[in-house]
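Trainee: Before anything else, here's the structure in question.
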Amino acid sequence: MRLISAEQADRVSASMPPSDQALAKLRRLAEELVVLSEDPRDPFASVHERQIAVDDAALKLLRERVVLISGGEGFVGDGLVATAADGGARRVVTVDSARGSDGSQTRHLRGDRVPVIRYCVDTRDRSGLERVFDRERPALVFHLAAQRLPGLAEIQVRTSLSTNLVGTKNIVELSNDYAVGQVVVASTGKAAQYLATDIYAGSKKLAEWWLGATVSGRDVPVAAVRFTHIVENSPVAGEIDAKVRDGLLTLHEPDRFILAQNLGEAHGLLLNALRIAEPSCVRLFAVRHLSCPVNVMQIAVHELRQAKAICPILFTGLPRGYTRTTFQGQFDWDSDHGVTPMLNALELGEASFDHAFVVAKPAAVEPDLVLEAFESVENALNDDRSDLELARIFASASRRVTAGSFDCASPDLIEKILQWGCSSSLNEDPSRSLEEHAELIGLLTAALARGRDQDCSTDDGAGSGEPSDLTRSNYVRP
């Protein structure tokens, strides 16, 4: 029997479009859907209205400083360039592999008073980056360069892993070597998942863990900012708009929901993170309050109405890199501060809250385990491995670190996480959730058993470390 990869299977599926008769029926259904929809408002209206004030202490750090922004020619990065210039930066330097120059071209902002120097350098190019650091001597660094599209990351595995992991390592290590004042790293709310074996979220999460594991070997203060969809540059909204123009709107599934932020919030998060970066530990920084998740179908109907055009809506199923349900044990349902979607229950143990932000730490895990996992992926990237092999090695590394983080948590908290995750009151379809998150539940039950065995062990020896039958029956069977 000849096996094919998931990528090849996706291509086979895409090569078999529905018949003309089916498309005509889908178009009529889409037309009925638009007519029945009574709300003409932009689904992101409340998101656009939100604002984040930048603290005076953060603005003070910008003034008369040289600011380096990796990914500075991208959507968020380009806006941050202008924001930094408006905040009083002495010079802004951008590093971007897609656009830029050799550094010889300079544009000016703030009435020609703030030079912006652009370098076309990939963050994976250590020597190229070092030349920029040596020449420009930045005082502040914002690291935004990344592969940000989950679906594309599953196709471009090597590029995505090396950019999100090796690129981050290069930026942070060079920042330490050149005595940068603060480093702010852009991460993702998807890193709140306990177990992330997909390439995009998993590489961002492993990068956060690496930042925490290497803190003792560096002096530069680092903070990681967790974003969600930026509405002005949302791949979801952009793809829907393009598909409507092309005449066939394909969506993953009905009732898919997304959280969103606006561009101003993203810049506010990045700048405010300057004041919470510390050399002794890595801080996670996120918006505390987000609007209710937006149904992707609402976005689709709004785009159809705005375009004054009707086209068929076709559901194609979830591609690799996406999860169908959120594990409800990810959230701390006992918190006095309410549910915080950008951070998980293990990360919120020592979190601090104000009216706008939450500051936390990555979940505790043994540094040596993180470094071993990171090195295993880095070594695989240096070898001539296929993308399928790289994905397998990376998933294995992610599982090891996740299991290690569970072993560092208290058994009582692990048991609560399991109870929340398997609760029939918190899950619309508990059996479906248990099935989708079976691997995660297995890691949690194993950690709980090891923790309980350690609590109950005597001088005669510790337990076997395997989940008991009782533990399995409580948390694994639907």
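Just remember, in the structure tokens the first chain shown is A, the second B, etc., residues are 1-based per chain, and ligands are 1-based in the order shown.
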Give me, as a PyMOL selection string, all polymer residues having an atom no more than 12 Å from A:Val35, counting only C-alpha atoms and skipping those fewer than 2 positions away in the same chain.
Mentor: chain A and resi 28-33+37-40+301-302+304-305+308+310
Trainee: Do a neighbour search on A:Val231 at 9 Å with only C-alpha atoms, toss out local chain neighbours closer than 3 positions, and write the hits as an NGL selection string.
Mentor: :A and (44 or 47-48 or 234-237 or 260-263)
Trainee: Can you list every residue in stretch 167-296 of chain A that DSSP puts in strand (DSSP E), as a PyMOL selection string?
Mentor: chain A and resi 182-188+222-227+229-230+249-251+257-258+260-261+283-287+294-295
Trainee: For N, CA and C atoms, I'd like the residues from the last selection saved as a PDB file, in the first residue's frame.
Mentor:
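Saved result, selection-v7.pdb, follows:
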```pdb
ATOM      1  N   GLN A 182      16.647  46.292  26.730  1.00  0.00           N
ATOM      2  CA  GLN A 182      15.479  45.423  26.867  1.00  0.00           C
ATOM      3  C   GLN A 182      15.175  44.750  25.536  1.00  0.00           C
ATOM      4  N   VAL A 183      14.660  43.521  25.617  1.00  0.00           N
ATOM      5  CA  VAL A 183      14.204  42.794  24.441  1.00  0.00           C
ATOM      6  C   VAL A 183      12.749  42.398  24.660  1.00  0.00           C
ATOM      7  N   VAL A 184      11.917  42.666  23.661  1.00  0.00           N
ATOM      8  CA  VAL A 184      10.523  42.249  23.691  1.00  0.00           C
ATOM      9  C   VAL A 184      10.294  41.310  22.514  1.00  0.00           C
ATOM     10  N   VAL A 185       9.831  40.101  22.803  1.00  0.00           N
ATOM     11  CA  VAL A 185       9.623  39.062  21.794  1.00  0.00           C
ATOM     12  C   VAL A 185       8.129  38.886  21.565  1.00  0.00           C
ATOM     13  N   ALA A 186       7.702  38.919  20.320  1.00  0.00           N
ATOM     14  CA  ALA A 186       6.294  38.690  19.984  1.00  0.00           C
ATOM     15  C   ALA A 186       6.010  37.196  19.972  1.00  0.00           C
ATOM     16  N   SER A 187       5.018  36.782  20.757  1.00  0.00           N
ATOM     17  CA  SER A 187       4.598  35.387  20.784  1.00  0.00           C
ATOM     18  C   SER A 187       3.128  35.314  20.380  1.00  0.00           C
ATOM     19  N   THR A 188       2.441  34.274  20.799  1.00  0.00           N
ATOM     20  CA  THR A 188       1.050  34.067  20.376  1.00  0.00           C
ATOM     21  C   THR A 188       0.221  33.520  21.516  1.00  0.00           C
ATOM     22  N   VAL A 222      14.191  40.308  29.259  1.00  0.00           N
ATOM     23  CA  VAL A 222      13.365  39.846  28.145  1.00  0.00           C
ATOM     24  C   VAL A 222      11.919  39.705  28.606  1.00  0.00           C
ATOM     25  N   ALA A 223      10.999  40.151  27.763  1.00  0.00           N
ATOM     26  CA  ALA A 223       9.569  39.914  27.966  1.00  0.00           C
ATOM     27  C   ALA A 223       8.995  39.345  26.683  1.00  0.00           C
ATOM     28  N   ALA A 224       8.015  38.460  26.817  1.00  0.00           N
ATOM     29  CA  ALA A 224       7.335  37.889  25.657  1.00  0.00           C
ATOM     30  C   ALA A 224       5.884  38.351  25.664  1.00  0.00           C
ATOM     31  N   VAL A 225       5.436  38.911  24.551  1.00  0.00           N
ATOM     32  CA  VAL A 225       4.084  39.435  24.420  1.00  0.00           C
ATOM     33  C   VAL A 225       3.240  38.441  23.633  1.00  0.00           C
ATOM     34  N   ARG A 226       2.089  38.100  24.175  1.00  0.00           N
ATOM     35  CA  ARG A 226       1.197  37.175  23.489  1.00  0.00           C
ATOM     36  C   ARG A 226       0.105  37.943  22.758  1.00  0.00           C
ATOM     37  N   PHE A 227       0.093  37.763  21.445  1.00  0.00           N
ATOM     38  CA  PHE A 227      -0.913  38.370  20.577  1.00  0.00           C
ATOM     39  C   PHE A 227      -1.979  37.346  20.207  1.00  0.00           C
ATOM     40  N   HIS A 229      -5.312  37.376  16.884  1.00  0.00           N
ATOM     41  CA  HIS A 229      -5.533  37.958  15.550  1.00  0.00           C
ATOM     42  C   HIS A 229      -5.511  39.486  15.617  1.00  0.00           C
ATOM     43  N   ILE A 230      -4.750  40.110  14.724  1.00  0.00           N
ATOM     44  CA  ILE A 230      -4.778  41.563  14.556  1.00  0.00           C
ATOM     45  C   ILE A 230      -5.795  41.850  13.459  1.00  0.00           C
ATOM     46  N   LEU A 249     -16.260  30.843  -1.562  1.00  0.00           N
ATOM     47  CA  LEU A 249     -15.822  31.091  -0.196  1.00  0.00           C
ATOM     48  C   LEU A 249     -15.670  29.763   0.547  1.00  0.00           C
ATOM     49  N   THR A 250     -14.449  29.334   0.746  1.00  0.00           N
ATOM     50  CA  THR A 250     -14.191  28.108   1.494  1.00  0.00           C
ATOM     51  C   THR A 250     -13.855  28.463   2.934  1.00  0.00           C
ATOM     52  N   LEU A 251     -14.484  27.764   3.858  1.00  0.00           N
ATOM     53  CA  LEU A 251     -14.237  27.923   5.290  1.00  0.00           C
ATOM     54  C   LEU A 251     -13.921  26.560   5.887  1.00  0.00           C
ATOM     55  N   PHE A 257     -14.605  30.062  16.018  1.00  0.00           N
ATOM     56  CA  PHE A 257     -14.535  31.362  16.675  1.00  0.00           C
ATOM     57  C   PHE A 257     -13.085  31.816  16.797  1.00  0.00           C
ATOM     58  N   ILE A 258     -12.883  33.129  16.714  1.00  0.00           N
ATOM     59  CA  ILE A 258     -11.539  33.678  16.880  1.00  0.00           C
ATOM     60  C   ILE A 258     -11.583  34.864  17.837  1.00  0.00           C
ATOM     61  N   ALA A 260      -9.674  38.507  18.846  1.00  0.00           N
ATOM     62  CA  ALA A 260      -9.030  39.517  18.006  1.00  0.00           C
ATOM     63  C   ALA A 260      -8.587  40.717  18.825  1.00  0.00           C
ATOM     64  N   GLN A 261      -7.563  41.388  18.313  1.00  0.00           N
ATOM     65  CA  GLN A 261      -7.061  42.645  18.853  1.00  0.00           C
ATOM     66  C   GLN A 261      -6.887  43.606  17.698  1.00  0.00           C
ATOM     67  N   ARG A 283       9.090  37.311  31.496  1.00  0.00           N
ATOM     68  CA  ARG A 283       7.712  37.670  31.770  1.00  0.00           C
ATOM     69  C   ARG A 283       6.858  37.464  30.526  1.00  0.00           C
ATOM     70  N   LEU A 284       5.659  36.921  30.732  1.00  0.00           N
ATOM     71  CA  LEU A 284       4.656  36.842  29.677  1.00  0.00           C
ATOM     72  C   LEU A 284       3.683  38.005  29.876  1.00  0.00           C
ATOM     73  N   PHE A 285       3.342  38.693  28.807  1.00  0.00           N
ATOM     74  CA  PHE A 285       2.554  39.918  28.889  1.00  0.00           C
ATOM     75  C   PHE A 285       1.400  39.816  27.908  1.00  0.00           C
ATOM     76  N   ALA A 286       0.190  40.077  28.385  1.00  0.00           N
ATOM     77  CA  ALA A 286      -0.985  39.940  27.516  1.00  0.00           C
ATOM     78  C   ALA A 286      -2.076  40.905  27.953  1.00  0.00           C
ATOM     79  N   VAL A 287      -2.995  41.163  27.019  1.00  0.00           N
ATOM     80  CA  VAL A 287      -4.183  41.948  27.340  1.00  0.00           C
ATOM     81  C   VAL A 287      -5.072  41.125  28.267  1.00  0.00           C
ATOM     82  N   VAL A 294     -15.305  35.967  18.002  1.00  0.00           N
ATOM     83  CA  VAL A 294     -16.133  36.269  16.842  1.00  0.00           C
ATOM     84  C   VAL A 294     -16.319  35.003  16.012  1.00  0.00           C
ATOM     85  N   ASN A 295     -17.556  34.731  15.648  1.00  0.00           N
ATOM     86  CA  ASN A 295     -17.855  33.582  14.800  1.00  0.00           C
ATOM     87  C   ASN A 295     -17.400  33.890  13.369  1.00  0.00           C
TER      88      ASN A 295
END
```
Trainee: Report, in Å to a single decimal, how far apart atom CA of A:Pro362 and atom CA of A:Arg126 are.
Mentor: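 Between these atoms lies a distance of 26.2 Å.
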Trainee: Which residues are close to A:Val66, i.e. within 12 Å by only C-alpha atoms, leaving aside same-chain residues fewer than 3 positions away? Reply as JSON, numbers by chain.
Mentor: {"A": [61, 62, 63, 69, 81, 84, 85, 87, 88, 89, 90, 91, 92, 93, 94, 114, 115, 116, 117, 133, 135, 136, 137, 138, 139, 140, 141, 142, 180, 181, 182]}
Trainee: Go ahead and save the picked residues with C-alpha atoms, as a JSON list (two decimals), in the first residue's frame.
Mentor:
```
[["chain", "number", "residue", "atom", "x", "y", "z"],
["A", 61, "LEU", "CA", 12.75, 54.15, 27.68],
["A", 62, "LEU", "CA", 12.24, 54.97, 23.98],
["A", 63, "ARG", "CA", 13.49, 58.53, 24.03],
["A", 69, "ILE", "CA", 12.80, 45.88, 15.06],
["A", 81, "VAL", "CA", 8.48, 51.85, 13.41],
["A", 84, "ALA", "CA", 8.76, 54.32, 18.03],
["A", 85, "ALA", "CA", 9.66, 57.40, 16.00],
["A", 87, "GLY", "CA", 7.77, 58.18, 20.90],
["A", 88, "GLY", "CA", 11.11, 59.94, 20.52],
["A", 89, "ALA", "CA", 13.51, 57.22, 19.34],
["A", 90, "ARG", "CA", 16.80, 58.57, 18.10],
["A", 91, "ARG", "CA", 17.05, 56.03, 15.27],
["A", 92, "VAL", "CA", 14.99, 53.03, 14.18],
["A", 93, "VAL", "CA", 16.62, 50.03, 12.53],
["A", 94, "THR", "CA", 14.62, 47.31, 10.79],
["A", 114, "VAL", "CA", 14.21, 60.25, 12.97],
["A", 115, "PRO", "CA", 16.17, 58.13, 10.49],
["A", 116, "VAL", "CA", 14.85, 54.65, 9.71],
["A", 117, "ILE", "CA", 17.57, 52.33, 8.42],
["A", 133, "PHE", "CA", 24.15, 44.81, 15.85],
["A", 135, "ARG", "CA", 27.12, 48.70, 13.31],
["A", 136, "GLU", "CA", 23.92, 50.06, 14.88],
["A", 137, "ARG", "CA", 24.39, 49.22, 18.60],
["A", 138, "PRO", "CA", 20.66, 49.12, 19.47],
["A", 139, "ALA", "CA", 19.50, 49.91, 23.01],
["A", 140, "LEU", "CA", 16.07, 48.29, 22.57],
["A", 141, "VAL", "CA", 15.04, 45.31, 20.45],
["A", 142, "PHE", "CA", 11.56, 44.22, 19.37],
["A", 180, "VAL", "CA", 20.86, 45.74, 24.77],
["A", 181, "GLY", "CA", 18.71, 47.38, 27.44],
["A", 182, "GLN", "CA", 15.48, 45.42, 26.87]]
```
Trainee: Can you tell me how far atom CA of A:Lys416 sits from atom CA of A:Leu318, in Å to one decimal?
Mentor: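 Spanning atom CA of A:Lys416 to atom CA of A:Leu318 is a straight-line distance of 29.5 Å.
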Trainee: Between A:Pro367, A:Gly189, A:Glu350, A:Glu239, which residue has the minimum interatomic distance to A:Gly404, considering only C-alpha atoms?
Mentor: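 Using only C-alpha atoms, A:Gly404 sits closest to A:Pro367.
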Trainee: With only C-alpha atoms as the atoms that count, which of A:Lys361, A:His267, A:Arg320, A:Arg392 lies nearest to A:Ala213?
Mentor: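 Between A:Lys361, A:His267, A:Arg320, A:Arg392, the residue approaching A:Ala213 most closely is A:Lys361.
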Trainee: Identify, with DSSP run on backbone atoms, the residues in stretch 209-455 of chain A assigned to alpha helix (DSSP H), and express the list as a PyMOL selection string.
Mentor: chain A and resi 209-213+235-246+263-272+296-307+367-382+387-408+411-422+430-436+438-455
Trainee: Write to file, as a JSON list (two decimals), in the first residue's frame, the residues of the selection just made, with C-alpha atoms.
Mentor:
```
[["chain", "number", "residue", "atom", "x", "y", "z"],
["A", 209, "TRP", "CA", 10.39, 27.95, 27.31],
["A", 210, "TRP", "CA", 13.88, 28.43, 25.87],
["A", 211, "LEU", "CA", 13.82, 32.07, 26.98],
["A", 212, "GLY", "CA", 13.04, 30.90, 30.51],
["A", 213, "ALA", "CA", 15.59, 28.08, 30.50],
["A", 235, "PRO", "CA", -5.46, 36.23, 7.78],
["A", 236, "VAL", "CA", -9.01, 35.01, 8.36],
["A", 237, "ALA", "CA", -10.74, 38.23, 7.27],
["A", 238, "GLY", "CA", -8.24, 38.78, 4.44],
["A", 239, "GLU", "CA", -8.70, 35.28, 3.05],
["A", 240, "ILE", "CA", -12.49, 35.57, 3.24],
["A", 241, "ASP", "CA", -12.42, 38.86, 1.35],
["A", 242, "ALA", "CA", -10.17, 37.41, -1.37],
["A", 243, "LYS", "CA", -12.29, 34.28, -1.73],
["A", 244, "VAL", "CA", -15.48, 36.31, -2.06],
["A", 245, "ARG", "CA", -13.86, 38.20, -4.92],
["A", 246, "ASP", "CA", -12.82, 34.89, -6.52],
["A", 263, "LEU", "CA", -3.20, 47.19, 15.71],
["A", 264, "GLY", "CA", -3.06, 49.93, 18.34],
["A", 265, "GLU", "CA", -3.43, 47.31, 21.06],
["A", 266, "ALA", "CA", -0.55, 45.34, 19.55],
["A", 267, "HIS", "CA", 1.73, 48.37, 19.59],
["A", 268, "GLY", "CA", 0.59, 49.27, 23.11],
["A", 269, "LEU", "CA", 1.41, 45.76, 24.32],
["A", 270, "LEU", "CA", 4.87, 45.81, 22.76],
["A", 271, "LEU", "CA", 5.77, 49.21, 24.19],
["A", 272, "ASN", "CA", 4.34, 48.59, 27.66],
["A", 296, "VAL", "CA", -16.11, 33.20, 11.45],
["A", 297, "MET", "CA", -19.51, 32.77, 9.80],
["A", 298, "GLN", "CA", -20.39, 36.29, 10.97],
["A", 299, "ILE", "CA", -17.27, 37.57, 9.24],
["A", 300, "ALA", "CA", -18.19, 35.67, 6.07],
["A", 301, "VAL", "CA", -21.74, 37.05, 5.98],
["A", 302, "HIS", "CA", -20.48, 40.58, 6.64],
["A", 303, "GLU", "CA", -17.96, 40.33, 3.78],
["A", 304, "LEU", "CA", -20.66, 39.05, 1.42],
["A", 305, "ARG", "CA", -22.92, 41.93, 2.39],
["A", 306, "GLN", "CA", -20.11, 44.49, 2.01],
["A", 307, "ALA", "CA", -19.14, 43.12, -1.40],
["A", 367, "PRO", "CA", 15.93, 24.03, 32.19],
["A", 368, "ASP", "CA", 18.05, 21.05, 31.14],
["A", 369, "LEU", "CA", 14.97, 19.34, 29.70],
["A", 370, "VAL", "CA", 14.08, 22.44, 27.68],
["A", 371, "LEU", "CA", 17.63, 22.85, 26.40],
["A", 372, "GLU", "CA", 17.81, 19.17, 25.40],
["A", 373, "ALA", "CA", 14.53, 19.43, 23.51],
["A", 374, "PHE", "CA", 15.51, 22.68, 21.81],
["A", 375, "GLU", "CA", 18.89, 21.23, 20.83],
["A", 376, "SER", "CA", 17.29, 18.10, 19.39],
["A", 377, "VAL", "CA", 15.19, 20.25, 17.04],
["A", 378, "GLU", "CA", 18.13, 22.51, 16.20],
["A", 379, "ASN", "CA", 20.32, 19.50, 15.37],
["A", 380, "ALA", "CA", 17.58, 18.07, 13.16],
["A", 381, "LEU", "CA", 17.36, 21.39, 11.32],
["A", 382, "ASN", "CA", 21.09, 21.23, 10.65],
["A", 387, "ASP", "CA", 9.82, 18.05, 6.69],
["A", 388, "LEU", "CA", 7.93, 14.97, 7.89],
["A", 389, "GLU", "CA", 10.93, 13.89, 9.97],
["A", 390, "LEU", "CA", 11.39, 17.41, 11.33],
["A", 391, "ALA", "CA", 7.74, 17.59, 12.34],
["A", 392, "ARG", "CA", 8.00, 14.24, 14.13],
["A", 393, "ILE", "CA", 11.18, 15.24, 16.00],
["A", 394, "PHE", "CA", 9.66, 18.57, 16.96],
["A", 395, "ALA", "CA", 6.42, 16.99, 18.21],
["A", 396, "SER", "CA", 8.41, 14.55, 20.34],
["A", 397, "ALA", "CA", 10.44, 17.42, 21.83],
["A", 398, "SER", "CA", 7.26, 19.35, 22.62],
["A", 399, "ARG", "CA", 5.73, 16.33, 24.35],
["A", 400, "ARG", "CA", 8.81, 15.87, 26.55],
["A", 401, "VAL", "CA", 8.80, 19.47, 27.72],
["A", 402, "THR", "CA", 5.05, 19.48, 28.29],
["A", 403, "ALA", "CA", 5.30, 16.33, 30.40],
["A", 404, "GLY", "CA", 8.14, 17.95, 32.32],
["A", 405, "SER", "CA", 6.03, 21.03, 33.04],
["A", 406, "PHE", "CA", 3.26, 18.80, 34.45],
["A", 407, "ASP", "CA", 5.79, 17.08, 36.71],
["A", 408, "CYS", "CA", 6.81, 20.48, 38.10],
["A", 411, "PRO", "CA", -0.71, 17.25, 41.85],
["A", 412, "ASP", "CA", -3.68, 19.18, 43.22],
["A", 413, "LEU", "CA", -3.52, 21.67, 40.35],
["A", 414, "ILE", "CA", -3.03, 18.90, 37.78],
["A", 415, "GLU", "CA", -6.15, 17.19, 39.16],
["A", 416, "LYS", "CA", -8.12, 20.44, 38.89],
["A", 417, "ILE", "CA", -6.96, 20.87, 35.28],
["A", 418, "LEU", "CA", -8.19, 17.36, 34.49],
["A", 419, "GLN", "CA", -11.52, 18.01, 36.20],
["A", 420, "TRP", "CA", -12.06, 21.25, 34.25],
["A", 421, "GLY", "CA", -10.95, 19.65, 30.99],
["A", 422, "CYS", "CA", -13.30, 16.69, 31.35],
["A", 430, "PRO", "CA", -17.46, 16.04, 26.46],
["A", 431, "SER", "CA", -16.87, 12.83, 24.51],
["A", 432, "ARG", "CA", -15.64, 14.80, 21.48],
["A", 433, "SER", "CA", -13.33, 16.88, 23.66],
["A", 434, "LEU", "CA", -11.96, 13.78, 25.40],
["A", 435, "GLU", "CA", -11.27, 12.16, 22.05],
["A", 436, "GLU", "CA", -9.52, 15.19, 20.56],
["A", 438, "ALA", "CA", -6.73, 12.20, 24.56],
["A", 439, "GLU", "CA", -2.96, 12.59, 24.27],
["A", 440, "LEU", "CA", -2.94, 15.64, 26.55],
["A", 441, "ILE", "CA", -5.20, 13.91, 29.06],
["A", 442, "GLY", "CA", -2.84, 10.94, 29.02],
["A", 443, "LEU", "CA", 0.13, 13.16, 29.88],
["A", 444, "LEU", "CA", -1.83, 14.85, 32.66],
["A", 445, "THR", "CA", -3.02, 11.56, 34.20],
["A", 446, "ALA", "CA", 0.51, 10.14, 34.08],
["A", 447, "ALA", "CA", 1.86, 13.25, 35.82],
["A", 448, "LEU", "CA", -0.93, 13.10, 38.41],
["A", 449, "ALA", "CA", -0.15, 9.45, 39.16],
["A", 450, "ARG", "CA", 3.57, 10.21, 39.54],
["A", 451, "GLY", "CA", 2.80, 13.15, 41.79],
["A", 452, "ARG", "CA", 0.39, 11.18, 43.99],
["A", 453, "ASP", "CA", 2.82, 8.27, 44.18],
["A", 454, "GLN", "CA", 5.55, 10.65, 45.30],
["A", 455, "ASP", "CA", 3.24, 12.17, 47.92]]
```
Trainee: Excluding A:Glu130 and its own-chain neighbours fewer than 3 positions away, which residues fall within 12 Å of it when counting only C-alpha atoms? Please give them as a VMD selection string.
Mentor: chain A and resid 95 119 121 to 127 133 to 138 170 to 178
Trainee: Output C-alpha atoms for every residue in that selection, as a PDB file, in the first residue's frame.
Mentor:
```pdb
ATOM      1  CA  VAL A  95      15.752  43.795   9.970  1.00  0.00           C
ATOM      2  CA  TYR A 119      18.491  45.904   6.453  1.00  0.00           C
ATOM      3  CA  VAL A 121      18.774  40.208   6.744  1.00  0.00           C
ATOM      4  CA  ASP A 122      17.140  36.946   7.780  1.00  0.00           C
ATOM      5  CA  THR A 123      17.094  36.452  11.556  1.00  0.00           C
ATOM      6  CA  ARG A 124      18.412  32.923  10.988  1.00  0.00           C
ATOM      7  CA  ASP A 125      21.579  34.462   9.517  1.00  0.00           C
ATOM      8  CA  ARG A 126      23.662  34.864  12.670  1.00  0.00           C
ATOM      9  CA  SER A 127      26.633  36.544  11.018  1.00  0.00           C
ATOM     10  CA  PHE A 133      24.154  44.813  15.847  1.00  0.00           C
ATOM     11  CA  ASP A 134      27.821  45.779  15.614  1.00  0.00           C
ATOM     12  CA  ARG A 135      27.120  48.698  13.307  1.00  0.00           C
ATOM     13  CA  GLU A 136      23.920  50.056  14.881  1.00  0.00           C
ATOM     14  CA  ARG A 137      24.387  49.217  18.603  1.00  0.00           C
ATOM     15  CA  PRO A 138      20.656  49.124  19.474  1.00  0.00           C
ATOM     16  CA  ASN A 170      20.014  34.587  17.492  1.00  0.00           C
ATOM     17  CA  ILE A 171      18.200  37.827  18.325  1.00  0.00           C
ATOM     18  CA  VAL A 172      18.259  37.248  22.089  1.00  0.00           C
ATOM     19  CA  GLU A 173      21.841  36.003  22.284  1.00  0.00           C
ATOM     20  CA  LEU A 174      23.146  38.903  20.197  1.00  0.00           C
ATOM     21  CA  SER A 175      21.109  41.329  22.290  1.00  0.00           C
ATOM     22  CA  ASN A 176      22.877  39.947  25.340  1.00  0.00           C
ATOM     23  CA  ASP A 177      26.298  40.102  23.668  1.00  0.00           C
ATOM     24  CA  TYR A 178      25.775  43.748  22.704  1.00  0.00           C
TER      25      TYR A 178
END
```
